[in-house]
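Scroll down for the structure; my scribbles are underneath it.
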Amino acid sequence: MKPTTELPSRRDVQRWAAAADVLGALRRRPGTTRAEAAHRLGMSSGAAADLSARLRGLRLISEEPAPPAGRGRPTTLLRAHPAGPLVVVVDVQHSGVSTAVVDLAGQVLERTVRRPADRSPERVLGLVRAGLTGAAERHGPRLRAVSVVVAATVARGRVVQSATLGWSGVDVAEAVPSALAGLPLLVTNDATAAGLAEARSGAPGDARAVLYLAVTVGVGGVLVADGRPAVGALGAGGEPGHLPFGDPARTCPCGALGCWDVEVDGRAMARHRGDPPPADPSGYAASTLACATSHHPDPACVEAVARCAAAFARGTAGLVNALDADLVVLGGLAPALRGAAPGAFAAAFTGGLMRWRRGHPPVVVDAAHGADAALVGAGELALDAVLCPAGLAGWEAAAVEG
């Protein structure tokens, strides 16, 4: 089967809308029953059975008997078809390149991690190409989308700059092998992808506006409203670390003055401790946090962490005021930063909120997906491109051609 880039007709879109809803239910709850999906989507049992038969015929789902649950007509468990569509996702970080293949239910089927000898674009993109090539060789036409997340500012699908990797003006599309060149390619900032993962499947409750913030080298994050990340006109949104919440006399590596980035991470902790700028700000921050929370903490570490926690909390409160978030999710080193100086964080966060918000402030929780958040989010973005009427019509057309 070859990928198709033809747009589906209006009739095809309408025909696939219900299928997209059923597959979306499977994605949100792998192993859901046909009866549960039908009830949730307001479908009759007969309509659900007919649709399930069509999806089975196109190798989109498989079904197996559900365990008995008392009286009533037996139902089936919906699963991603073992020969159905897949997506391949890549997470490019300071430490290495992770490549994973994900099925329609969002389950990771395989994963590889490669460590570059250096972080030059040529070296790292070579590892990206190797991972994608291997996936294409193993899964061929079952792959329907490619999603790449990078620790970088991304605009129009290109890496415009990355202080973490030392990149500027890098086109990730050059790493896509010819076997996958016809597929949708999504290139996204890693914090945006991580925030999407947390908002859709990690965050508790039914929050409408989730503010995700992660401290690594600087602050990354995104506002996810109604399950969609707000990334702006060029796709370069979600850069809260470059808001001017810091010292206006201090220049950030991005070129701007007074960025929040350099007030909360290992670089700020080093300044407060009187140390030179660390080569690995994330590692330095982790060791400082460990020092501040040890049985015999160094007062300089405690002071540095408290100052950074307060700076992070003030900026977080400012974003809540501006974006009207009803839930804040902390990732990366941010949970440890808050946990190491809870008093400083709470005082600065409450003090930074507008008065009318203080009676019912947004809940602040730790991220659920941990280090895999960006990879999970990359899978979500790729599946969005596949599990929609256009993507499903394309799969059907490719199956007919094959």
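Each chain of the structure tokens is named A, B, ... in the order shown, its residues numbered from 1; ligands are numbered from 1 in display order.
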Quiz item: Would you give me, as a ChimeraX atom specification, the residues in stretch 7-83 of chain A that DSSP reads as alpha helix (DSSP H)?
Solution: /A:10-28,34-41,45-57
Quiz item: If you count only C-alpha atoms, which residues fall within 6 Å of A:Val149, apart from same-chain ones fewer than 2 positions away, as a VMD selection string?
Solution: chain A and resid 91 187 to 190
Practice problem: Within 8 Å of A:Met269, counting only C-alpha atoms, which residues show up once you throw out same-chain ones fewer than 4 positions away? Write them as a ChimeraX atom specification, please. | Solution: /A:264-265,273,285,288,301,304-305,308
Take the residues just selected and output them with N, CA, C and O atoms as a compact mmCIF listing (two decimals), in the first residue's frame.
```
# COMPACT_ATOMS: atom_id res chain seq x y z
N VAL A 264 15.73 30.17 36.73
CA VAL A 264 15.12 29.05 37.46
C VAL A 264 15.90 27.75 37.35
O VAL A 264 15.63 26.81 38.11
N ASP A 265 16.85 27.65 36.43
CA ASP A 265 17.49 26.35 36.20
C ASP A 265 18.88 26.28 36.83
O ASP A 265 19.23 27.08 37.70
N ARG A 273 25.14 30.23 43.97
CA ARG A 273 26.16 29.54 44.78
C ARG A 273 27.56 30.07 44.53
O ARG A 273 28.52 29.64 45.16
N ALA A 285 21.55 21.35 38.25
CA ALA A 285 20.35 21.59 39.03
C ALA A 285 19.97 20.36 39.84
O ALA A 285 19.60 20.46 41.02
N THR A 288 22.24 20.06 42.81
CA THR A 288 21.95 21.10 43.80
C THR A 288 20.69 20.77 44.57
O THR A 288 20.62 20.96 45.80
N CYS A 301 23.21 25.70 48.97
CA CYS A 301 22.30 24.95 48.09
C CYS A 301 20.85 25.27 48.44
O CYS A 301 20.01 25.47 47.56
N ALA A 304 20.00 28.74 47.17
CA ALA A 304 19.90 28.77 45.70
C ALA A 304 18.60 28.15 45.23
O ALA A 304 17.92 28.69 44.34
N VAL A 305 18.23 27.02 45.81
CA VAL A 305 17.00 26.34 45.41
C VAL A 305 15.78 27.19 45.77
O VAL A 305 14.84 27.31 44.98
N CYS A 308 15.37 30.02 43.29
CA CYS A 308 14.89 29.54 41.98
C CYS A 308 13.44 29.08 42.06
O CYS A 308 12.66 29.31 41.12
```
Exercise. Please provide the set of residues having any atom within 9 Å of stretch 131-146 of chain A, restricted to only C-alpha atoms, with same-chain residues fewer than 2 positions apart removed, written as a ChimeraX atom specification.
Key: /A:1-3,83-90,97-101,112-114,126-129,148,175-180,182-187,378-379,382-383,385-386,391,395,398
Self-check item: Who sits within 6 Å of stretch 17-32 of chain A, only C-alpha atoms, same chain under 2 positions skipped, as number ranges by chain
Solution: A: 14-15, 77-79, 105-106, 387-389
Quiz item: What is the distance, in Å and to one decimal place, between atom CA of A:Leu319 and atom CA of A:Leu213?
Solution: 10.1 Å
Practice problem: Write out as a list in words which residues come within 6 Å of stretch 329-341 of chain A when counting only C-alpha atoms, dropping same-chain ones fewer than 6 positions away. | Solution: Tyr212, Leu213, Ala214, Val215, Thr216, Ala306, Ala309, Val364, Val365, Asp366 and Ala367 of chain A
Given the selection you just returned, output its residues as a file containing N, CA, C and O atoms, formatted as a CSV table (one decimal), in the first residue's frame.
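Written out: again_18.csv:
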```
chain,number,residue,atom,x,y,z
A,212,TYR,N,1.1,23.5,31.2
A,212,TYR,CA,2.2,22.5,31.4
A,212,TYR,C,3.5,23.3,31.4
A,212,TYR,O,3.8,24.1,30.5
A,213,LEU,N,4.3,23.1,32.5
A,213,LEU,CA,5.6,23.8,32.6
A,213,LEU,C,6.6,22.8,33.1
A,213,LEU,O,6.4,22.0,34.0
A,214,ALA,N,7.8,22.8,32.4
A,214,ALA,CA,8.8,21.8,32.7
A,214,ALA,C,10.1,22.6,32.8
A,214,ALA,O,10.5,23.4,32.0
A,215,VAL,N,10.9,22.3,33.9
A,215,VAL,CA,12.2,22.9,34.1
A,215,VAL,C,13.3,21.8,33.7
A,215,VAL,O,13.3,20.7,34.3
A,216,THR,N,14.1,22.1,32.7
A,216,THR,CA,15.2,21.3,32.3
A,216,THR,C,16.4,22.3,32.2
A,216,THR,O,17.0,22.7,33.2
A,306,ALA,N,15.8,27.8,47.0
A,306,ALA,CA,14.6,28.6,47.4
A,306,ALA,C,14.4,29.8,46.4
A,306,ALA,O,13.3,30.1,46.1
A,309,ALA,N,13.1,28.4,43.2
A,309,ALA,CA,11.7,28.0,43.3
A,309,ALA,C,10.7,29.2,43.4
A,309,ALA,O,9.7,29.2,42.8
A,364,VAL,N,-2.1,22.7,41.4
A,364,VAL,CA,-0.7,22.4,40.8
A,364,VAL,C,-0.4,21.0,41.1
A,364,VAL,O,-0.3,20.6,42.3
A,365,VAL,N,-0.2,20.2,40.0
A,365,VAL,CA,0.1,18.8,40.2
A,365,VAL,C,1.4,18.4,39.5
A,365,VAL,O,1.9,19.1,38.6
A,366,ASP,N,2.0,17.3,39.9
A,366,ASP,CA,3.2,16.8,39.2
A,366,ASP,C,2.8,16.0,38.0
A,366,ASP,O,1.7,15.4,37.9
A,367,ALA,N,3.6,16.0,36.9
A,367,ALA,CA,3.4,15.3,35.7
A,367,ALA,C,3.3,13.8,36.0
A,367,ALA,O,4.0,13.2,36.8
```
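With only C-alpha atoms as the atoms that count, the residue of A:Glu396, A:Asp280, A:Asp226, A:Glu239 with the shortest distance to A:Cys254 is A:Glu239.
Here atom CA of A:Gln107 is placed at a distance of 12.5 Å from atom CA of A:Asp372.
Using only C-alpha atoms for every distance, the candidate list A:Leu196, A:Arg228, A:Ala117, A:Gly238 yields A:Gly238 as the residue closest to A:Val154.
The spacing separating atom CA of A:Leu375 from atom CA of A:Ser162 amounts to 18.3 Å.
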Practice problem: Write out as a count of residues only which residues come within 12 Å of A:Gly232 when counting only C-alpha atoms, dropping same-chain ones fewer than 5 positions away. | Solution: 10
Quiz item: Could you pull out all residues of stretch 31-226 of chain A with a DSSP call of strand (DSSP E or B) and give them as JSON, numbers by chain?
Solution: {"A": [33, 61, 62, 63, 64, 65, 76, 77, 78, 79, 80, 86, 87, 88, 89, 90, 91, 92, 93, 96, 97, 98, 99, 100, 101, 102, 103, 108, 109, 110, 111, 112, 113, 114, 143, 144, 145, 146, 147, 148, 149, 150, 153, 154, 155, 158, 159, 160, 161, 162, 167, 168, 169, 170, 185, 186, 187, 188, 189, 209, 210, 211, 212, 213, 214, 215, 216, 218, 219, 220, 221, 222, 223, 224, 225]}
Please produce a file of the residues just selected, as a CSV table (one decimal), in the first residue's frame, where the atoms kept are C-alpha atoms.
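part_34.csv, written as the output of this step:
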```
chain,number,residue,atom,x,y,z
A,33,THR,CA,-15.8,-2.7,24.9
A,61,ILE,CA,-9.7,-3.0,14.9
A,62,SER,CA,-9.9,-6.5,16.2
A,63,GLU,CA,-12.4,-7.8,18.6
A,64,GLU,CA,-12.3,-10.5,21.3
A,65,PRO,CA,-15.0,-11.6,23.8
A,76,THR,CA,-16.5,-7.6,22.8
A,77,LEU,CA,-13.3,-5.8,23.6
A,78,LEU,CA,-11.9,-3.5,21.0
A,79,ARG,CA,-8.2,-3.7,20.2
A,80,ALA,CA,-5.9,-2.1,17.6
A,86,LEU,CA,1.1,2.5,12.9
A,87,VAL,CA,2.9,5.7,13.5
A,88,VAL,CA,6.6,6.3,14.1
A,89,VAL,CA,7.7,8.9,16.7
A,90,VAL,CA,11.2,10.3,17.4
A,91,ASP,CA,12.2,12.2,20.6
A,92,VAL,CA,15.4,14.3,20.1
A,93,GLN,CA,17.0,15.3,23.4
A,96,GLY,CA,20.1,11.0,22.7
A,97,VAL,CA,17.5,10.0,20.2
A,98,SER,CA,14.5,7.7,21.0
A,99,THR,CA,12.5,6.1,18.2
A,100,ALA,CA,9.2,4.3,18.9
A,101,VAL,CA,6.5,2.7,16.8
A,102,VAL,CA,2.9,3.2,18.2
A,103,ASP,CA,-0.3,1.5,17.3
A,108,VAL,CA,4.3,1.6,22.2
A,109,LEU,CA,5.2,-1.6,20.2
A,110,GLU,CA,8.9,-1.1,20.0
A,111,ARG,CA,11.5,1.4,21.1
A,112,THR,CA,15.2,2.1,20.5
A,113,VAL,CA,17.5,4.6,22.0
A,114,ARG,CA,20.7,5.9,20.2
A,143,LEU,CA,3.4,3.4,8.8
A,144,ARG,CA,1.0,6.3,8.2
A,145,ALA,CA,2.7,9.3,9.9
A,146,VAL,CA,6.0,10.5,11.3
A,147,SER,CA,6.2,12.7,14.4
A,148,VAL,CA,9.4,14.2,15.7
A,149,VAL,CA,9.8,16.2,18.9
A,150,VAL,CA,12.9,18.3,19.5
A,153,THR,CA,12.1,26.2,19.2
A,154,VAL,CA,10.2,25.0,16.2
A,155,ALA,CA,8.5,27.2,13.6
A,158,ARG,CA,11.9,23.7,11.2
A,159,VAL,CA,14.2,24.0,14.2
A,160,VAL,CA,14.9,27.7,14.4
A,161,GLN,CA,17.1,27.5,17.5
A,162,SER,CA,18.0,25.2,20.3
A,167,TRP,CA,21.3,24.2,16.7
A,168,SER,CA,20.1,27.0,14.5
A,169,GLY,CA,18.1,26.7,11.3
A,170,VAL,CA,17.9,22.9,11.0
A,185,LEU,CA,5.6,14.8,9.0
A,186,LEU,CA,4.9,16.6,12.3
A,187,VAL,CA,7.8,18.5,14.0
A,188,THR,CA,7.1,19.8,17.4
A,189,ASN,CA,8.8,21.3,20.5
A,209,ALA,CA,-7.2,24.8,30.2
A,210,VAL,CA,-4.0,22.9,31.3
A,211,LEU,CA,-0.8,24.9,31.7
A,212,TYR,CA,2.2,22.5,31.4
A,213,LEU,CA,5.6,23.8,32.6
A,214,ALA,CA,8.8,21.8,32.7
A,215,VAL,CA,12.2,22.9,34.1
A,216,THR,CA,15.2,21.3,32.3
A,218,GLY,CA,15.3,26.7,31.1
A,219,VAL,CA,11.5,26.5,31.2
A,220,GLY,CA,9.5,24.8,28.5
A,221,GLY,CA,5.7,24.6,28.4
A,222,VAL,CA,2.4,25.1,26.7
A,223,LEU,CA,-1.2,25.9,27.3
A,224,VAL,CA,-3.5,23.0,26.2
A,225,ALA,CA,-7.0,24.2,25.8
```
